[in-house]
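The structure file upload-v1.json is reproduced below (JSON, C-alpha atoms).
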```
[["chain", "number", "residue", "atom", "x", "y", "z"],
["A", 30, "MET", "CA", 6.77, -4.55, 16.01],
["A", 31, "SER", "CA", 6.05, -1.13, 17.48],
["A", 32, "GLN", "CA", 2.69, 0.22, 18.60],
["A", 33, "LEU", "CA", 1.24, 3.70, 18.82],
["A", 34, "MET", "CA", -2.05, 4.76, 20.35],
["A", 35, "THR", "CA", -3.63, 7.44, 18.15],
["A", 36, "LYS", "CA", -6.97, 9.18, 18.36],
["A", 37, "LEU", "CA", -8.14, 6.63, 15.79],
["A", 38, "GLY", "CA", -6.98, 3.68, 17.88],
["A", 39, "GLN", "CA", -3.85, 1.56, 18.29],
["A", 40, "VAL", "CA", -1.58, 1.16, 15.29],
["A", 41, "ASP", "CA", 1.01, -1.58, 14.81],
["A", 42, "TYR", "CA", 3.98, -0.93, 12.56],
["A", 43, "GLN", "CA", 7.46, -2.12, 11.63],
["A", 44, "TYR", "CA", 10.15, 0.57, 11.72],
["A", 45, "ARG", "CA", 13.87, 0.64, 11.01],
["A", 46, "PRO", "CA", 15.41, 4.12, 11.38],
["A", 47, "ALA", "CA", 17.43, 5.51, 8.50],
["A", 48, "ALA", "CA", 21.08, 6.47, 8.75],
["A", 49, "PRO", "CA", 21.78, 10.23, 8.66],
["A", 50, "GLN", "CA", 20.83, 11.86, 5.34],
["A", 51, "GLN", "CA", 19.19, 8.64, 4.12],
["A", 52, "PRO", "CA", 15.48, 8.32, 3.20],
["A", 53, "THR", "CA", 12.90, 6.13, 4.90],
["A", 54, "LEU", "CA", 10.77, 4.00, 2.59],
["A", 55, "LEU", "CA", 7.10, 4.11, 3.58],
["A", 56, "TRP", "CA", 5.20, 1.12, 2.17],
["A", 57, "LEU", "CA", 1.49, 1.17, 1.28],
["A", 58, "PRO", "CA", -0.19, -2.06, 0.11],
["A", 59, "ALA", "CA", -3.21, -2.66, -2.10],
["A", 60, "PHE", "CA", -6.83, -2.79, -0.95],
["A", 61, "GLY", "CA", -7.45, -5.50, 1.62],
["A", 62, "TRP", "CA", -6.41, -6.56, 5.09],
["A", 63, "ASP", "CA", -2.91, -7.94, 4.43],
["A", 64, "ALA", "CA", -0.14, -7.13, 6.94],
["A", 65, "THR", "CA", 1.95, -4.39, 5.31],
["A", 66, "ASP", "CA", 5.40, -5.61, 6.32],
["A", 67, "TYR", "CA", 4.80, -9.15, 5.04],
["A", 68, "ASN", "CA", 3.36, -7.80, 1.78],
["A", 69, "PHE", "CA", 6.73, -6.20, 0.99],
["A", 70, "LYS", "CA", 9.06, -8.17, 3.29],
["A", 71, "HIS", "CA", 11.07, -9.88, 0.54],
["A", 72, "LEU", "CA", 11.93, -6.48, -0.99],
["A", 73, "MET", "CA", 12.62, -4.76, 2.31],
["A", 74, "ALA", "CA", 15.19, -7.44, 3.17],
["A", 75, "GLN", "CA", 17.17, -6.72, -0.01],
["A", 76, "LEU", "CA", 17.57, -2.96, 0.34],
["A", 77, "PRO", "CA", 20.70, -1.25, 1.72],
["A", 78, "SER", "CA", 20.89, -1.36, 5.51],
["A", 79, "GLN", "CA", 21.34, 2.41, 5.79],
["A", 80, "VAL", "CA", 17.88, 3.26, 4.39],
["A", 81, "GLY", "CA", 14.93, 3.43, 6.74],
["A", 82, "LEU", "CA", 11.88, 1.18, 6.48],
["A", 83, "LEU", "CA", 8.37, 1.96, 7.72],
["A", 84, "ALA", "CA", 5.48, -0.45, 7.18],
["A", 85, "ILE", "CA", 2.29, 0.66, 8.93],
["A", 86, "ASP", "CA", -0.81, -1.48, 9.45],
["A", 87, "THR", "CA", -3.42, 1.26, 9.43],
["A", 88, "ILE", "CA", -6.35, 0.40, 11.67],
["A", 89, "GLY", "CA", -8.50, -2.32, 10.20],
["A", 90, "VAL", "CA", -5.68, -4.12, 8.38],
["A", 91, "GLY", "CA", -2.94, -6.51, 9.43],
["A", 92, "ARG", "CA", -2.37, -6.47, 13.19],
["A", 93, "SER", "CA", -4.20, -3.17, 13.77],
["A", 94, "ILE", "CA", -7.66, -4.58, 14.33],
["A", 95, "HIS", "CA", -7.92, -3.78, 18.03],
["A", 96, "ASN", "CA", -10.60, -1.17, 17.28],
["A", 97, "GLN", "CA", -12.71, -0.48, 14.25],
["A", 98, "MET", "CA", -11.86, 2.61, 12.27],
["A", 99, "VAL", "CA", -13.92, 4.55, 9.78],
["A", 100, "ARG", "CA", -11.54, 4.06, 6.87],
["A", 101, "THR", "CA", -12.11, 7.30, 5.01],
["A", 102, "THR", "CA", -9.21, 8.69, 3.01],
["A", 103, "SER", "CA", -8.56, 11.46, 5.51],
["A", 104, "ASN", "CA", -8.45, 9.01, 8.41],
["A", 105, "ILE", "CA", -6.04, 6.68, 6.65],
["A", 106, "LEU", "CA", -3.73, 9.58, 5.78],
["A", 107, "ALA", "CA", -3.95, 10.87, 9.36],
["A", 108, "ASN", "CA", -3.07, 7.39, 10.60],
["A", 109, "LEU", "CA", 0.09, 7.41, 8.49],
["A", 110, "GLU", "CA", 1.03, 10.91, 9.59],
["A", 111, "ASP", "CA", 0.62, 10.03, 13.27],
["A", 112, "VAL", "CA", 3.28, 7.34, 13.00],
["A", 113, "VAL", "CA", 5.61, 9.41, 10.81],
["A", 114, "HIS", "CA", 5.39, 12.29, 13.27],
["A", 115, "HIS", "CA", 5.86, 10.03, 16.29],
["A", 116, "GLU", "CA", 9.05, 8.53, 14.82],
["A", 117, "HIS", "CA", 10.33, 11.94, 13.67],
["A", 118, "VAL", "CA", 10.78, 10.77, 10.08],
["A", 119, "THR", "CA", 11.70, 13.75, 7.87],
["A", 120, "LYS", "CA", 12.68, 12.26, 4.51],
["A", 121, "LEU", "CA", 10.25, 9.80, 2.93],
["A", 122, "LEU", "CA", 10.29, 7.77, -0.26],
["A", 123, "LEU", "CA", 6.75, 6.42, -0.70],
["A", 124, "ILE", "CA", 6.16, 2.98, -2.21],
["A", 125, "GLY", "CA", 2.50, 2.32, -3.03],
["A", 126, "HIS", "CA", 0.83, -0.61, -4.76],
["A", 127, "SER", "CA", -2.58, -0.37, -6.43],
["A", 128, "LEU", "CA", -4.98, 1.48, -4.09],
["A", 129, "GLY", "CA", -2.06, 2.06, -1.73],
["A", 130, "ALA", "CA", -0.49, 4.12, -4.50],
["A", 131, "SER", "CA", -3.49, 6.46, -4.38],
["A", 132, "TYR", "CA", -2.96, 7.07, -0.69],
["A", 133, "ALA", "CA", 0.77, 7.58, -1.32],
["A", 134, "PHE", "CA", 0.01, 10.18, -3.99],
["A", 135, "LEU", "CA", -2.39, 12.10, -1.76],
["A", 136, "TYR", "CA", -0.06, 11.89, 1.23],
["A", 137, "ALA", "CA", 2.81, 13.31, -0.82],
["A", 138, "GLN", "CA", 0.71, 16.29, -1.90],
["A", 139, "GLN", "CA", 0.03, 17.10, 1.74],
["A", 140, "HIS", "CA", 3.65, 16.65, 2.85],
["A", 141, "LEU", "CA", 5.86, 17.87, 0.02],
["A", 142, "ASP", "CA", 8.42, 19.12, 2.50],
["A", 143, "SER", "CA", 9.15, 15.60, 3.72],
["A", 144, "VAL", "CA", 8.63, 13.44, 0.60],
["A", 145, "CYS", "CA", 11.53, 13.02, -1.81],
["A", 146, "GLY", "CA", 9.76, 10.81, -4.35],
["A", 147, "LEU", "CA", 7.12, 8.23, -5.22],
["A", 148, "VAL", "CA", 7.42, 4.72, -6.65],
["A", 149, "LEU", "CA", 3.92, 3.57, -7.57],
["A", 150, "ILE", "CA", 3.10, 0.03, -8.67],
["A", 151, "GLU", "CA", 0.10, -0.14, -11.03],
["A", 152, "PRO", "CA", -1.73, 2.81, -9.43],
["A", 153, "PRO", "CA", -5.39, 3.56, -10.18],
["A", 154, "ASP", "CA", -6.10, 6.38, -12.60],
["A", 155, "ILE", "CA", -9.16, 8.56, -13.10],
["A", 156, "ALA", "CA", -9.48, 7.19, -16.63],
["A", 157, "MET", "CA", -9.69, 3.75, -15.01],
["A", 158, "ALA", "CA", -12.09, 4.86, -12.27],
["A", 159, "SER", "CA", -15.00, 2.81, -13.59],
["A", 160, "GLN", "CA", -12.81, -0.30, -13.52],
["A", 161, "LEU", "CA", -11.67, 0.48, -9.97],
["A", 162, "LEU", "CA", -15.22, 0.94, -8.70],
["A", 163, "ALA", "CA", -16.38, -2.17, -10.57],
["A", 164, "SER", "CA", -13.58, -4.21, -9.00],
["A", 165, "VAL", "CA", -14.80, -3.53, -5.44],
["A", 166, "ARG", "CA", -18.52, -3.80, -6.18],
["A", 167, "PRO", "CA", -18.54, -7.61, -5.79],
["A", 168, "PHE", "CA", -16.77, -7.24, -2.44],
["A", 169, "ILE", "CA", -19.43, -4.82, -1.21],
["A", 170, "GLU", "CA", -22.31, -6.93, -2.53],
["A", 171, "ASN", "CA", -20.88, -10.17, -1.15],
["A", 172, "TYR", "CA", -19.63, -8.76, 2.14],
["A", 173, "PRO", "CA", -22.28, -10.46, 4.32],
["A", 174, "LYS", "CA", -21.20, -13.82, 2.89],
["A", 175, "LEU", "CA", -17.52, -12.99, 3.37],
["A", 176, "ALA", "CA", -18.16, -12.07, 7.00],
["A", 177, "GLN", "CA", -19.88, -15.43, 7.51],
["A", 178, "GLN", "CA", -17.05, -17.29, 5.74],
["A", 179, "ARG", "CA", -14.59, -15.76, 8.18],
["A", 180, "GLN", "CA", -15.83, -18.19, 10.84],
["A", 181, "LYS", "CA", -15.08, -21.20, 8.62],
["A", 182, "LEU", "CA", -11.95, -20.00, 6.84],
["A", 183, "THR", "CA", -8.85, -22.13, 7.36],
["A", 184, "LEU", "CA", -5.22, -21.14, 7.65],
["A", 185, "HIS", "CA", -4.49, -23.23, 4.55],
["A", 186, "GLN", "CA", -6.95, -21.18, 2.50],
["A", 187, "VAL", "CA", -5.41, -17.88, 3.60],
["A", 188, "LEU", "CA", -1.89, -19.19, 2.91],
["A", 189, "ALA", "CA", -2.78, -19.25, -0.78],
["A", 190, "THR", "CA", -3.32, -15.47, -0.77],
["A", 191, "VAL", "CA", -0.20, -14.17, 0.99],
["A", 192, "ASN", "CA", 3.18, -13.13, -0.41],
["A", 193, "PRO", "CA", 4.59, -16.29, -2.04],
["A", 194, "LEU", "CA", 8.18, -14.99, -1.95],
["A", 195, "ASN", "CA", 8.50, -15.07, 1.83],
["A", 196, "SER", "CA", 9.71, -18.11, 3.73],
["A", 197, "THR", "CA", 7.28, -20.82, 4.83],
["A", 198, "ALA", "CA", 7.45, -19.63, 8.44],
["A", 199, "GLU", "CA", 6.85, -16.02, 7.39],
["A", 200, "ARG", "CA", 3.93, -17.02, 5.19],
["A", 201, "GLU", "CA", 2.32, -18.90, 8.06],
["A", 202, "LYS", "CA", 2.70, -15.91, 10.39],
["A", 203, "ASN", "CA", 1.31, -13.65, 7.66],
["A", 204, "ALA", "CA", -1.66, -15.97, 7.13],
["A", 205, "ARG", "CA", -2.50, -16.04, 10.85],
["A", 206, "ILE", "CA", -2.52, -12.24, 10.95],
["A", 207, "ASP", "CA", -4.66, -12.00, 7.83],
["A", 208, "LEU", "CA", -7.04, -14.66, 9.09],
["A", 209, "ALA", "CA", -7.78, -12.53, 12.16],
["A", 210, "ALA", "CA", -8.28, -9.42, 10.02],
["A", 211, "TYR", "CA", -10.23, -11.12, 7.23],
["A", 212, "ALA", "CA", -13.21, -9.16, 5.90],
["A", 213, "ASN", "CA", -13.50, -6.97, 8.98],
["A", 214, "PRO", "CA", -16.07, -4.13, 8.81],
["A", 215, "SER", "CA", -13.54, -1.32, 8.36],
["A", 216, "ILE", "CA", -12.55, -2.76, 4.97],
["A", 217, "LEU", "CA", -16.18, -2.59, 3.88],
["A", 218, "THR", "CA", -16.19, 1.08, 4.89],
["A", 219, "GLU", "CA", -13.08, 1.69, 2.79],
["A", 220, "ALA", "CA", -14.69, 0.03, -0.22],
["A", 221, "GLN", "CA", -17.84, 2.13, 0.18],
["A", 222, "TRP", "CA", -15.69, 5.25, 0.38],
["A", 223, "LEU", "CA", -13.98, 4.68, -2.98],
["A", 224, "PRO", "CA", -16.24, 7.02, -5.00],
["A", 225, "GLN", "CA", -15.11, 9.87, -2.73],
["A", 226, "LEU", "CA", -11.49, 8.80, -3.12],
["A", 227, "VAL", "CA", -11.90, 8.91, -6.89],
["A", 228, "SER", "CA", -13.19, 12.48, -6.63],
["A", 229, "GLU", "CA", -10.19, 13.46, -4.50],
["A", 230, "LEU", "CA", -7.80, 11.87, -6.99],
["A", 231, "GLU", "CA", -9.46, 13.72, -9.86],
["A", 232, "ILE", "CA", -8.58, 17.00, -8.16],
["A", 233, "ALA", "CA", -5.13, 15.81, -7.10],
["A", 234, "GLU", "CA", -4.08, 14.65, -10.55],
["A", 235, "ASN", "CA", -4.48, 18.20, -11.88],
["A", 236, "GLN", "CA", -1.72, 19.35, -9.55],
["A", 237, "VAL", "CA", 1.83, 18.65, -10.67],
["A", 238, "MET", "CA", 4.27, 17.90, -7.87],
["A", 239, "ALA", "CA", 7.90, 18.92, -8.11],
["A", 240, "ILE", "CA", 9.15, 15.54, -6.95],
["A", 241, "PRO", "CA", 10.11, 12.50, -9.02],
["A", 242, "ILE", "CA", 7.38, 9.94, -9.62],
["A", 243, "ARG", "CA", 8.09, 6.54, -11.13],
["A", 244, "VAL", "CA", 5.17, 4.36, -12.16],
["A", 245, "LEU", "CA", 5.84, 0.64, -12.52],
["A", 246, "VAL", "CA", 3.37, -1.23, -14.71],
["A", 247, "THR", "CA", 3.00, -4.57, -16.40],
["A", 248, "ASP", "CA", 3.68, -4.95, -20.11],
["A", 249, "LYS", "CA", 0.06, -5.85, -20.78],
["A", 250, "ARG", "CA", -1.23, -2.61, -19.22],
["A", 251, "PHE", "CA", 1.50, -0.30, -20.50],
["A", 252, "THR", "CA", -0.57, 1.03, -23.42],
["A", 253, "ALA", "CA", -3.46, 1.88, -21.11],
["A", 254, "TYR", "CA", -1.11, 3.76, -18.78],
["A", 255, "GLN", "CA", 0.37, 5.68, -21.71],
["A", 256, "GLN", "CA", -3.11, 7.11, -22.24],
["A", 257, "SER", "CA", -3.59, 7.93, -18.57],
["A", 258, "SER", "CA", -2.61, 10.94, -16.49],
["A", 259, "TRP", "CA", 0.35, 9.01, -15.11],
["A", 260, "SER", "CA", 2.18, 9.49, -18.41],
["A", 261, "ARG", "CA", 2.10, 13.21, -17.63],
["A", 262, "LEU", "CA", 2.66, 13.04, -13.90],
["A", 263, "GLY", "CA", 5.53, 10.58, -13.80],
["A", 264, "GLN", "CA", 7.90, 8.25, -15.60],
["A", 265, "LEU", "CA", 6.32, 5.04, -16.84],
["A", 266, "VAL", "CA", 8.46, 1.90, -16.66],
["A", 267, "HIS", "CA", 7.07, -1.47, -17.72],
["A", 268, "ALA", "CA", 8.08, -5.11, -17.41],
["A", 269, "PRO", "CA", 6.56, -8.60, -17.60],
["A", 270, "GLY", "CA", 4.47, -9.66, -14.62],
["A", 271, "GLN", "CA", 1.04, -9.49, -13.04],
["A", 272, "HIS", "CA", -0.74, -6.75, -11.07],
["A", 273, "TYR", "CA", 1.21, -7.75, -7.95],
["A", 274, "LEU", "CA", 4.36, -6.81, -9.81],
["A", 275, "HIS", "CA", 6.48, -6.84, -6.67],
["A", 276, "TRP", "CA", 5.57, -10.53, -6.26],
["A", 277, "THR", "CA", 5.72, -11.58, -9.91],
["A", 278, "ASN", "CA", 8.79, -9.63, -11.05],
["A", 279, "GLU", "CA", 10.77, -9.06, -7.89],
["A", 280, "ASP", "CA", 14.08, -8.28, -9.62],
["A", 281, "PHE", "CA", 12.56, -5.52, -11.74],
["A", 282, "VAL", "CA", 10.89, -3.80, -8.79],
["A", 283, "ARG", "CA", 14.00, -4.09, -6.64],
["A", 284, "GLN", "CA", 16.17, -2.47, -9.31],
["A", 285, "GLN", "CA", 13.67, 0.37, -9.68],
["A", 286, "LEU", "CA", 13.72, 0.96, -5.93],
["A", 287, "LEU", "CA", 17.52, 0.95, -5.80],
["A", 288, "SER", "CA", 17.55, 3.49, -8.62],
["A", 289, "ALA", "CA", 15.00, 5.68, -6.83],
["A", 290, "LEU", "CA", 17.16, 5.84, -3.72],
["A", 291, "ALA", "CA", 19.39, 8.27, -5.60],
["A", 292, "TRP", "CA", 16.58, 10.87, -5.61],
["A", 293, "HIS", "CA", 17.13, 12.02, -2.06]]
```
Represent the structure contained in this file as structure tokens.
Amino acid sequence: MSQLMTKLGQVDYQYRPAAPQQPTLLWLPAFGWDATDYNFKHLMAQLPSQVGLLAIDTIGVGRSIHNQMVRTTSNILANLEDVVHHEHVTKLLLIGHSLGASYAFLYAQQHLDSVCGLVLIEPPDIAMASQLLASVRPFIENYPKLAQQRQKLTLHQVLATVNPLNSTAEREKNARIDLAAYANPSILTEAQWLPQLVSELEIAENQVMAIPIRVLVTDKRFTAYQQSSWSRLGQLVHAPGQHYLHWTNEDFVRQQLLSALAWH
């Protein structure tokens, strides 16, 4: 793991430089405190060795809980940019899951000169904004209880929530990291900030980017996505699986990523 001290605090990240002319895949996980590299580790291990890999634990998630960060959208995007700039990465393929896809979309709009494409796994949509806000409301309302539970939470309980496709040793390491980051205050701030994020996405979705966007969705949500702005902004591809499509249909997501590597 590498570390970088930014104006927002210390950031931990996993980085493998790309070979010349090859893209670097920047991974952005869903809402929560999971370590980014472990969230996608099984996929990262199966990609060609010449492509770059960059998995950043923005402050407040994974290993980056040394300081508390006000997790507004602008701060999260700045956190990503600090690491990208520090490592001199110039050609990015962004991989975002769920809320992480929203940050990937906004980041790409701000850095079109360095982003060659987006692969988004079940991203939120403005038409689904009420569902998104409703999904985090219980977290906000129950946060005091979650913070208290953190003192009693066991490693075994956290093991049930991490990437099931990693090895037993990797899952245990992942669970220890997540246990330390569990329900920390910066995640509450991010949840409370979601209405503003929705407003930013509403503006962003009216701007068409001249880069390829592939949206991976589950069969059961395909019809809903056909009626969303993503059917206009990108290419919809669907397959069996659950919301964590990269965990529940690994082969499908891997093939889509390998295909997207041709975009650069």
Select, counting all atoms listed in the file, all protein, DNA and RNA residues no farther than 7 Å from (-1.0, -0.3, -8.1) in file coordinates, and express the selection as a ChimeraX atom specification. /A:59,125-130,149-153
What gap, in Å, lies between CA of Gly38 (chain A) and CA of Thr218 (chain A)? 16.1 Å
Nearest to Asn68 (chain A) among A:Ile240, A:Ala289, A:Ala84, A:Leu37, with distances taken over all atoms listed in the file: which residue is it? A:Ala84
Return the single residue from A:Ile155, A:Ala176, A:Gly91, A:Pro214 that is closest to Gln256 (chain A), with distances computed using all atoms listed in the file. A:Ile155
Residue neighbourhood region 140-146 of chain A, 7 Å, all atoms listed in the file, exclusion window fewer than 5 positions, as a list in words: Thr119, Lys120, Leu121, Leu122, Leu123, Ile240, Pro241, Ile242, Trp292 and His293 of chain A
Quick one: pull the distance between CA of Val113 (chain A) and CA of Ser78 (chain A), Å, one decimal. 19.4 Å
May I ask for the distance between CA of Leu226 (chain A) and CA of Arg243 (chain A), given in Å to one decimal place? 21.3 Å
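Look at Ala48 (chain A): the protein and nucleic acid residues within 12 Å of it, using all atoms listed in the file and passing over chain neighbours fewer than 2 places away, are Arg45, Pro46, Gln50, Gln51, Pro52, Thr53, Pro77, Ser78, Gln79, Val80, Gly81, Leu82, Val118, Thr119 and Lys120 of chain A.
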Give me the residues near Leu72 (chain A) as a PyMOL selection string, where near means some atom within 8 Å (using only C-alpha atoms) and where sequence neighbours in that chain fewer than 2 positions away do not count. chain A and resi 69-70+74-76+275+279+283
List the spatial neighbours of Ala189 (chain A) as a JSON list (two decimals) with C-alpha atoms, keeping the file's coordinate frame - criterion: any atom at most 10 Å away, all atoms listed in the file, same-chain residues fewer than 4 positions off excluded.
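Written file, result-v8.json:
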```
[["chain", "number", "residue", "atom", "x", "y", "z"],
["A", 184, "LEU", "CA", -5.22, -21.14, 7.65],
["A", 185, "HIS", "CA", -4.49, -23.23, 4.55],
["A", 193, "PRO", "CA", 4.59, -16.29, -2.04],
["A", 200, "ARG", "CA", 3.93, -17.02, 5.19],
["A", 204, "ALA", "CA", -1.66, -15.97, 7.13]]
```
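Distance check against Ser31 (chain A) using all atoms listed in the file: of A:Ile85, A:Ala198, A:Val246, A:Ala291, the minimum falls on A:Ile85.
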Give me, as JSON, numbers by chain, all polymer residues having an atom no more than 10 Å from Phe168 (chain A), counting all atoms listed in the file and skipping those fewer than 3 positions away in the same chain. {"A": [163, 164, 165, 171, 172, 173, 174, 175, 212, 216, 217, 220, 221]}
Which is closer to Tyr136 (chain A) than all the others in A:Ser215, A:Ser103, A:Thr247, A:Thr197, using all atoms listed in the file? A:Ser103
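Proximity ranking of A:Gln32, A:Tyr67, A:Phe251, A:Tyr273 relative to Glu201 (chain A) places A:Tyr67 first, based on all atoms listed in the file.
Counting all atoms listed in the file, the residue from A:Ala233, A:Val90, A:Val40, A:Leu83 that sits nearest to Ser131 (chain A) is A:Ala233.
All polymer residues at most 10 Å from (-6.9, 13.7, -11.9), using all atoms listed in the file, appear as Asp154, Ile155, Ala156, Val227, Ser228, Glu229, Leu230, Glu231, Ile232, Ala233, Glu234, Asn235, Gln236, Ser257, Ser258, Trp259 and Leu262 of chain A.
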Same residues, C-alpha atoms, output as a short mmCIF file (atom, residue, chain, number, x, y, z; two decimals), in the coordinates of the input:
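Output file selection.cif follows:
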```cif
data_model
loop_
_atom_site.label_atom_id
_atom_site.label_comp_id
_atom_site.auth_asym_id
_atom_site.auth_seq_id
_atom_site.Cartn_x
_atom_site.Cartn_y
_atom_site.Cartn_z
CA ASP A 154 -6.10 6.38 -12.60
CA ILE A 155 -9.16 8.56 -13.10
CA ALA A 156 -9.48 7.19 -16.63
CA VAL A 227 -11.90 8.91 -6.89
CA SER A 228 -13.19 12.48 -6.63
CA GLU A 229 -10.19 13.46 -4.50
CA LEU A 230 -7.80 11.87 -6.99
CA GLU A 231 -9.46 13.72 -9.86
CA ILE A 232 -8.58 17.00 -8.16
CA ALA A 233 -5.13 15.81 -7.10
CA GLU A 234 -4.08 14.65 -10.55
CA ASN A 235 -4.48 18.20 -11.88
CA GLN A 236 -1.72 19.35 -9.55
CA SER A 257 -3.59 7.93 -18.57
CA SER A 258 -2.61 10.94 -16.49
CA TRP A 259 0.35 9.01 -15.11
CA LEU A 262 2.66 13.04 -13.90
#
```
